[in-house]
Number of protein chains: 2
Amino acid sequence: VDKQISPAVIRRMPRYYRYLTELLEEGTERISSGELSRRMKVTASQIRQDLNNFGEFGQQGYGYNVQYLHDEIGKILGIDHTHNMIIIGSGHLGQALANYSNFKKRGFEVVALFDVDPALKGKKSGGVEIHMMEELDEFVKSTPVHVAALTLPKAYAREAAEHVIALGIKAIWNFAHMEMDLPEDVTIESVHLSDSLMHLSYLITDKERQS
Amino acid sequence: VDKQISPAVIRRMPRYYRYLTELLEEGTERISSGELSRRMKVTASQIRQDLNNFGEFGQQGYGYNVQYLHDEIGKILGIDHTHNMIIIGSGHLGQALANYSNFKKRGFEVVALFDVDPALKGKKSGGVEIHMMEELDEFVKSTPVHVAALTLPKAYAREAAEHVIALGIKAIWNFAHMEMDLPEDVTIESVHLSDSLMHLSYLITDKERQS
């Protein structure tokens, strides 16, 4: 993929992947762009435009081969190979992430959790051991870590981010309300749950205003 | 607000609110659009365009009054009044949500959690009681509930959604991998964590391809 693809298109690809995975689970081998459009509630032309960014996927009169399209989008998303992930913050959210079996299917393998609470030391969550923060440096030396999920309070998130970056980890999945200037070569993806909740609040309020 | 505002603009408003809340916490009383632009890493003209959808906020040569803009965006988002929320699914994710103090500041009050696991019956999470699912109907009769957060596995999420809709709850905050046809008057906001993780995977992979 050489040309610049718009961030909005990229943002939609996981949703395509999710639908195609469902189709595979249902045993669907091929699907017309019209049918995919009805399921995903986007126009068929939007689907064609989005996918054309990455090559020729559909065939006139045949539609899409579900397995092929699924696998190709998987490659585009890079989930055809495995990223080792550590989770820093082993509270409810951190443990929720450790227990998501879906992440492994998406190429993310949780290799360790970390926390500062001695009560959690040596316990397991989702089959993965909880380590103390002072073991982090040693752990990263012996095990390749590609991603650090930050599921700790805002007050500690920045320090944790700086720590993992100093250890050479280049990707952060951030759940804290924190914005920070990162080195060029570090990637961050943030999940802001309260933004989502505020958006829901807007939708509710907007409906009330209209009724 | 009478005219149609684009969903993309609406999606950005929580982020404005978040930044303005930070500015207030720092004691900043006013801010120029240039300075707000630098902090938020969006152009000053984008900020002006976004805010113009909702009225006149800035003043030439003065900038924005932080408290006023914060409060007005709060009204737009509808977080100036309280929504009662129940959480269905009291695993790690449900309990993580129950423990977020930020949600209360955003006008969402968790009034109960629900689960089917008898081991959780009567326990509390984030100060809120965990009820059994069979108590749901009775609970909703006696307590106004505006939002149901669904933090249970996909296999049960659809049934739970239908259940809360039948009880008259009009808004769903959905964490399951579920797409469903909803009645016109029901609002849904979904958080797809694995979409976010796949997006991170893309960003990592794209960087690797470029280097």
# chains A, B, ... in the order shown; residues from 1 in each chain; ligands from 1
$ residues_around --residues "Met178 of chain A" --least-positions-apart "6" --cutoff "10 Å" --atoms "only C-alpha atoms" --output "ChimeraX atom specification"
/A:153-158,161,190,192
$ write_last_selection --atoms "C-alpha atoms" --output "JSON list (two decimals), in the first residue's frame"
[["chain", "number", "residue", "atom", "x", "y", "z"],
["A", 153, "PRO", "CA", -5.64, 6.24, 36.67],
["A", 154, "LYS", "CA", -4.79, 9.45, 34.83],
["A", 155, "ALA", "CA", -2.44, 10.52, 37.65],
["A", 156, "TYR", "CA", -0.12, 7.57, 36.90],
["A", 157, "ALA", "CA", -0.70, 7.12, 33.18],
["A", 158, "ARG", "CA", 1.81, 9.65, 31.91],
["A", 161, "ALA", "CA", 3.77, 5.86, 29.29],
["A", 190, "SER", "CA", -6.76, 5.99, 22.88],
["A", 192, "HIS", "CA", -12.00, 7.54, 25.81]]
$ calpha_fit_and_write --fixed "chain B" --moving "chain A" --output "short mmCIF file (atom, residue, chain, number, x, y, z; two decimals) with C-alpha atoms, in the first residue's frame"
data_model
loop_
_atom_site.label_atom_id
_atom_site.label_comp_id
_atom_site.auth_asym_id
_atom_site.auth_seq_id
_atom_site.Cartn_x
_atom_site.Cartn_y
_atom_site.Cartn_z
CA VAL A 1 -30.33 23.86 18.01
CA ASP A 2 -32.56 23.62 14.97
CA LYS A 3 -30.33 22.93 12.00
CA GLN A 4 -28.76 19.57 11.24
CA ILE A 5 -25.28 19.28 12.69
CA SER A 6 -22.94 16.73 11.14
CA PRO A 7 -22.21 13.59 13.17
CA ALA A 8 -18.47 14.29 12.84
CA VAL A 9 -18.87 17.65 14.60
CA ILE A 10 -20.94 16.00 17.34
CA ARG A 11 -18.28 13.33 17.77
CA ARG A 12 -15.69 16.03 18.43
CA MET A 13 -17.67 17.88 21.12
CA PRO A 14 -16.80 15.52 24.01
CA ARG A 15 -13.14 16.14 23.25
CA TYR A 16 -13.65 19.90 23.47
CA TYR A 17 -15.44 19.38 26.76
CA ARG A 18 -12.57 17.26 28.06
CA TYR A 19 -9.97 19.90 27.20
CA LEU A 20 -12.04 22.71 28.63
CA THR A 21 -12.47 20.73 31.86
CA GLU A 22 -8.69 20.40 32.06
CA LEU A 23 -8.26 24.13 31.48
CA LEU A 24 -10.73 24.87 34.27
CA GLU A 25 -8.86 22.52 36.58
CA GLU A 26 -5.68 24.45 35.77
CA GLY A 27 -7.45 27.70 36.61
CA THR A 28 -7.38 29.07 33.06
CA GLU A 29 -10.14 31.66 32.63
CA ARG A 30 -9.78 32.45 28.97
CA ILE A 31 -7.98 31.02 25.99
CA SER A 32 -7.32 32.18 22.44
CA SER A 33 -8.43 29.98 19.60
CA GLY A 34 -4.73 29.73 18.64
CA GLU A 35 -3.75 28.35 22.04
CA LEU A 36 -6.73 25.98 22.17
CA SER A 37 -5.75 24.84 18.70
CA ARG A 38 -2.17 24.07 19.81
CA ARG A 39 -3.36 22.09 22.80
CA MET A 40 -5.97 20.11 20.91
CA LYS A 41 -3.88 19.68 17.78
CA VAL A 42 -6.65 20.81 15.47
CA THR A 43 -6.58 23.99 13.42
CA ALA A 44 -8.01 27.20 14.86
CA SER A 45 -10.35 27.44 11.88
CA GLN A 46 -11.68 23.94 12.58
CA ILE A 47 -12.41 24.99 16.16
CA ARG A 48 -14.21 28.13 15.01
CA GLN A 49 -16.20 26.19 12.42
CA ASP A 50 -17.16 23.48 14.91
CA LEU A 51 -18.28 25.90 17.59
CA ASN A 52 -20.13 28.16 15.13
CA ASN A 53 -22.58 25.31 14.65
CA PHE A 54 -23.90 26.05 18.12
CA GLY A 55 -23.75 29.81 18.34
CA GLU A 56 -21.29 32.64 18.92
CA PHE A 57 -18.74 31.68 21.55
CA GLY A 58 -15.50 33.53 20.92
CA GLN A 59 -14.87 37.26 21.02
CA GLN A 60 -12.46 38.99 18.66
CA GLY A 61 -9.30 39.87 20.59
CA TYR A 62 -10.46 38.11 23.73
CA GLY A 63 -10.69 34.47 22.76
CA TYR A 64 -12.94 32.07 24.61
CA ASN A 65 -14.23 32.33 28.14
CA VAL A 66 -13.35 28.83 29.34
CA GLN A 67 -16.07 28.45 31.97
CA TYR A 68 -18.79 29.74 29.65
CA LEU A 69 -17.70 27.57 26.71
CA HIS A 70 -17.36 24.54 29.02
CA ASP A 71 -20.86 25.02 30.40
CA GLU A 72 -22.43 25.66 27.00
CA ILE A 73 -20.86 22.55 25.48
CA GLY A 74 -22.05 20.67 28.57
CA LYS A 75 -25.59 21.81 27.77
CA ILE A 76 -25.23 20.85 24.11
CA LEU A 77 -24.08 17.39 25.22
CA GLY A 78 -26.91 17.20 27.72
CA ILE A 79 -24.59 16.43 30.63
CA ASP A 80 -26.01 19.28 32.68
CA HIS A 81 -28.72 16.93 33.87
CA THR A 82 -28.50 13.43 35.32
CA HIS A 83 -29.21 10.14 33.57
CA ASN A 84 -29.70 7.05 35.71
CA MET A 85 -27.75 4.10 34.34
CA ILE A 86 -27.89 0.40 35.07
CA ILE A 87 -25.10 -1.97 34.11
CA ILE A 88 -26.08 -5.41 32.87
CA GLY A 89 -23.16 -7.79 33.26
CA SER A 90 -21.13 -7.41 36.44
CA GLY A 91 -17.89 -8.97 35.30
CA HIS A 92 -14.67 -7.00 35.18
CA LEU A 93 -15.87 -4.59 32.51
CA GLY A 94 -19.19 -3.89 34.21
CA GLN A 95 -17.44 -3.31 37.51
CA ALA A 96 -14.83 -1.12 35.82
CA LEU A 97 -17.66 1.11 34.56
CA ALA A 98 -19.30 1.16 38.00
CA ASN A 99 -16.04 2.41 39.49
CA TYR A 100 -15.44 5.29 37.06
CA SER A 101 -15.94 8.42 39.11
CA ASN A 102 -15.79 10.47 35.91
CA PHE A 103 -19.14 9.25 34.65
CA LYS A 104 -20.95 10.90 37.52
CA LYS A 105 -19.29 14.19 36.59
CA ARG A 106 -20.67 13.65 33.09
CA GLY A 107 -24.21 13.30 34.41
CA PHE A 108 -24.41 9.52 34.50
CA GLU A 109 -25.29 7.94 37.82
CA VAL A 110 -24.94 4.19 38.10
CA VAL A 111 -27.96 3.09 40.13
CA ALA A 112 -27.59 -0.69 39.93
CA LEU A 113 -25.59 -3.54 38.42
CA PHE A 114 -27.12 -6.83 37.34
CA ASP A 115 -25.77 -10.30 36.77
CA VAL A 116 -26.87 -13.93 36.65
CA ASP A 117 -24.06 -15.21 38.89
CA PRO A 118 -25.51 -15.94 42.37
CA ALA A 119 -22.04 -15.47 43.87
CA LEU A 120 -22.33 -11.74 43.13
CA LYS A 121 -25.80 -11.30 44.66
CA GLY A 122 -25.93 -8.39 47.11
CA LYS A 123 -22.26 -7.47 46.64
CA LYS A 124 -21.33 -3.92 45.85
CA SER A 125 -19.11 -2.42 43.20
CA GLY A 126 -18.22 1.25 43.18
CA GLY A 127 -20.66 1.57 46.07
CA VAL A 128 -23.53 0.24 43.95
CA GLU A 129 -25.38 -3.00 44.62
CA ILE A 130 -25.25 -5.97 42.27
CA HIS A 131 -28.71 -7.42 41.70
CA MET A 132 -29.79 -10.65 40.08
CA MET A 133 -31.29 -10.44 36.59
CA GLU A 134 -34.67 -11.70 37.83
CA GLU A 135 -34.92 -8.52 39.93
CA LEU A 136 -34.56 -6.28 36.87
CA ASP A 137 -38.25 -5.79 36.04
CA GLU A 138 -39.11 -4.92 39.63
CA PHE A 139 -36.15 -2.54 39.89
CA VAL A 140 -37.09 -0.61 36.76
CA LYS A 141 -40.66 -0.26 38.04
CA SER A 142 -39.50 1.52 41.18
CA THR A 143 -36.49 3.49 39.89
CA PRO A 144 -36.31 5.59 36.74
CA VAL A 145 -33.63 4.17 34.42
CA HIS A 146 -32.53 6.14 31.37
CA VAL A 147 -29.61 4.08 30.11
CA ALA A 148 -28.61 0.42 30.20
CA ALA A 149 -24.94 -0.41 29.70
CA LEU A 150 -24.54 -3.89 28.25
CA THR A 151 -21.30 -5.44 29.43
CA LEU A 152 -22.09 -9.07 28.91
CA PRO A 153 -20.98 -11.62 26.32
CA LYS A 154 -22.27 -11.31 22.77
CA ALA A 155 -24.35 -14.50 23.19
CA TYR A 156 -26.52 -12.79 25.84
CA ALA A 157 -26.34 -9.17 24.70
CA ARG A 158 -29.16 -9.24 22.18
CA GLU A 159 -31.59 -10.85 24.61
CA ALA A 160 -30.62 -8.31 27.27
CA ALA A 161 -31.12 -5.45 24.81
CA GLU A 162 -34.58 -6.71 23.90
CA HIS A 163 -35.39 -7.09 27.58
CA VAL A 164 -34.44 -3.53 28.58
CA ILE A 165 -36.19 -2.09 25.53
CA ALA A 166 -39.36 -3.99 26.50
CA LEU A 167 -39.05 -2.38 29.93
CA GLY A 168 -39.12 1.05 28.29
CA ILE A 169 -35.43 1.94 28.52
CA LYS A 170 -34.64 4.10 25.49
CA ALA A 171 -30.84 4.23 25.48
CA ILE A 172 -28.21 1.50 25.34
CA TRP A 173 -24.47 1.78 25.87
CA ASN A 174 -23.31 -1.37 24.18
CA PHE A 175 -19.96 -3.12 24.69
CA ALA A 176 -20.87 -6.38 22.95
CA HIS A 177 -20.09 -7.34 19.38
CA MET A 178 -23.66 -7.13 18.42
CA GLU A 179 -25.50 -5.26 15.74
CA MET A 180 -29.24 -5.23 15.95
CA ASP A 181 -32.25 -3.53 14.45
CA LEU A 182 -33.63 -1.26 17.11
CA PRO A 183 -36.97 0.52 17.38
CA GLU A 184 -36.83 4.10 16.03
CA ASP A 185 -37.05 5.64 19.48
CA VAL A 186 -34.15 3.68 20.98
CA THR A 187 -30.66 5.16 20.96
CA ILE A 188 -27.55 3.00 20.92
CA GLU A 189 -23.92 3.93 21.35
CA SER A 190 -21.44 1.11 20.91
CA VAL A 191 -17.88 0.77 22.13
CA HIS A 192 -16.02 -1.79 20.07
CA LEU A 193 -12.76 -2.38 21.90
CA SER A 194 -11.45 -4.82 19.36
CA ASP A 195 -12.04 -2.29 16.56
CA SER A 196 -9.78 0.05 18.48
CA LEU A 197 -7.20 -2.69 18.89
CA MET A 198 -7.34 -3.49 15.16
CA HIS A 199 -6.83 0.17 14.41
CA LEU A 200 -3.76 0.15 16.62
CA SER A 201 -2.58 -2.94 14.78
CA TYR A 202 -2.95 -1.08 11.49
CA LEU A 203 -0.97 1.90 12.79
CA ILE A 204 1.85 -0.38 14.00
CA THR A 205 1.89 -2.36 10.77
CA ASP A 206 1.80 0.78 8.64
CA LYS A 207 4.83 2.17 10.49
CA GLU A 208 6.69 -1.10 9.98
CA ARG A 209 5.90 -1.00 6.26
CA GLN A 210 7.25 2.54 5.98
CA SER A 211 10.48 1.88 7.88
#
$ select_by_dssp --residues "segment 1-208 of chain A" --states "helix (DSSP H, G or I)" --output "PyMOL selection string"
chain A and resi 7-25+33-40+44-52+66-77+92-98+101-105+118-120+133-142+154-166+193-208
$ select_by_dssp --residues "segment 2-189 of chain B" --states "strand (DSSP E or B)" --output "number ranges by chain"
B: 30-31, 59, 63-65, 83-88, 108-115, 124-125, 128-132, 147-150, 171-174, 187-189
$ decode --residues "segment 88-203 of chain B" --atoms "C-alpha atoms" --output "compact mmCIF listing (two decimals), in the first residue's frame"
# COMPACT_ATOMS: atom_id res chain seq x y z
CA ILE B 88 -26.06 -5.41 32.87
CA GLY B 89 -23.16 -7.78 33.25
CA SER B 90 -21.12 -7.42 36.45
CA GLY B 91 -17.88 -8.99 35.28
CA HIS B 92 -14.65 -7.00 35.19
CA LEU B 93 -15.86 -4.60 32.51
CA GLY B 94 -19.20 -3.90 34.23
CA GLN B 95 -17.43 -3.32 37.51
CA ALA B 96 -14.83 -1.12 35.81
CA LEU B 97 -17.66 1.11 34.57
CA ALA B 98 -19.30 1.14 38.00
CA ASN B 99 -16.05 2.40 39.48
CA TYR B 100 -15.44 5.28 37.05
CA SER B 101 -15.96 8.42 39.09
CA ASN B 102 -15.80 10.46 35.90
CA PHE B 103 -19.15 9.23 34.64
CA LYS B 104 -20.96 10.88 37.52
CA LYS B 105 -19.31 14.18 36.59
CA ARG B 106 -20.68 13.63 33.09
CA GLY B 107 -24.23 13.30 34.42
CA PHE B 108 -24.42 9.51 34.50
CA GLU B 109 -25.31 7.94 37.83
CA VAL B 110 -24.93 4.18 38.11
CA VAL B 111 -27.97 3.09 40.14
CA ALA B 112 -27.58 -0.70 39.92
CA LEU B 113 -25.59 -3.55 38.43
CA PHE B 114 -27.11 -6.83 37.33
CA ASP B 115 -25.77 -10.31 36.76
CA VAL B 116 -26.87 -13.93 36.64
CA ASP B 117 -24.06 -15.22 38.88
CA PRO B 118 -25.52 -15.95 42.36
CA ALA B 119 -22.03 -15.49 43.86
CA LEU B 120 -22.33 -11.76 43.12
CA LYS B 121 -25.79 -11.30 44.65
CA GLY B 122 -25.92 -8.42 47.11
CA LYS B 123 -22.26 -7.49 46.62
CA LYS B 124 -21.33 -3.93 45.84
CA SER B 125 -19.11 -2.43 43.19
CA GLY B 126 -18.23 1.24 43.18
CA GLY B 127 -20.66 1.57 46.07
CA VAL B 128 -23.53 0.24 43.95
CA GLU B 129 -25.39 -3.01 44.63
CA ILE B 130 -25.24 -5.98 42.27
CA HIS B 131 -28.72 -7.43 41.69
CA MET B 132 -29.79 -10.66 40.07
CA MET B 133 -31.28 -10.43 36.59
CA GLU B 134 -34.64 -11.70 37.83
CA GLU B 135 -34.92 -8.52 39.92
CA LEU B 136 -34.56 -6.29 36.87
CA ASP B 137 -38.24 -5.79 36.05
CA GLU B 138 -39.10 -4.95 39.64
CA PHE B 139 -36.14 -2.55 39.89
CA VAL B 140 -37.09 -0.62 36.76
CA LYS B 141 -40.67 -0.27 38.05
CA SER B 142 -39.49 1.50 41.18
CA THR B 143 -36.49 3.47 39.90
CA PRO B 144 -36.30 5.59 36.75
CA VAL B 145 -33.65 4.16 34.43
CA HIS B 146 -32.54 6.14 31.38
CA VAL B 147 -29.61 4.09 30.11
CA ALA B 148 -28.61 0.43 30.19
CA ALA B 149 -24.94 -0.40 29.70
CA LEU B 150 -24.54 -3.89 28.25
CA THR B 151 -21.29 -5.44 29.43
CA LEU B 152 -22.09 -9.07 28.90
CA PRO B 153 -20.98 -11.61 26.31
CA LYS B 154 -22.28 -11.30 22.76
CA ALA B 155 -24.36 -14.48 23.18
CA TYR B 156 -26.51 -12.77 25.83
CA ALA B 157 -26.33 -9.17 24.70
CA ARG B 158 -29.16 -9.23 22.17
CA GLU B 159 -31.59 -10.83 24.61
CA ALA B 160 -30.61 -8.30 27.27
CA ALA B 161 -31.12 -5.45 24.81
CA GLU B 162 -34.58 -6.70 23.91
CA HIS B 163 -35.37 -7.09 27.59
CA VAL B 164 -34.43 -3.54 28.58
CA ILE B 165 -36.19 -2.09 25.53
CA ALA B 166 -39.36 -3.99 26.50
CA LEU B 167 -39.05 -2.38 29.94
CA GLY B 168 -39.12 1.04 28.30
CA ILE B 169 -35.43 1.94 28.52
CA LYS B 170 -34.64 4.10 25.49
CA ALA B 171 -30.85 4.23 25.48
CA ILE B 172 -28.20 1.51 25.35
CA TRP B 173 -24.47 1.78 25.87
CA ASN B 174 -23.31 -1.36 24.17
CA PHE B 175 -19.96 -3.12 24.68
CA ALA B 176 -20.88 -6.36 22.96
CA HIS B 177 -20.10 -7.35 19.38
CA MET B 178 -23.68 -7.14 18.42
CA GLU B 179 -25.51 -5.29 15.73
CA MET B 180 -29.24 -5.23 15.95
CA ASP B 181 -32.24 -3.52 14.46
CA LEU B 182 -33.62 -1.25 17.10
CA PRO B 183 -36.95 0.53 17.38
CA GLU B 184 -36.82 4.10 16.03
CA ASP B 185 -37.06 5.64 19.48
CA VAL B 186 -34.15 3.70 20.98
CA THR B 187 -30.66 5.17 20.96
CA ILE B 188 -27.56 3.01 20.92
CA GLU B 189 -23.92 3.93 21.35
CA SER B 190 -21.44 1.11 20.91
CA VAL B 191 -17.87 0.77 22.13
CA HIS B 192 -16.02 -1.82 20.08
CA LEU B 193 -12.75 -2.39 21.91
CA SER B 194 -11.46 -4.85 19.36
CA ASP B 195 -12.03 -2.31 16.57
CA SER B 196 -9.79 0.05 18.49
CA LEU B 197 -7.19 -2.70 18.90
CA MET B 198 -7.34 -3.52 15.18
CA HIS B 199 -6.84 0.17 14.41
CA LEU B 200 -3.76 0.14 16.64
CA SER B 201 -2.58 -2.96 14.79
CA TYR B 202 -2.96 -1.09 11.50
CA LEU B 203 -0.97 1.89 12.80
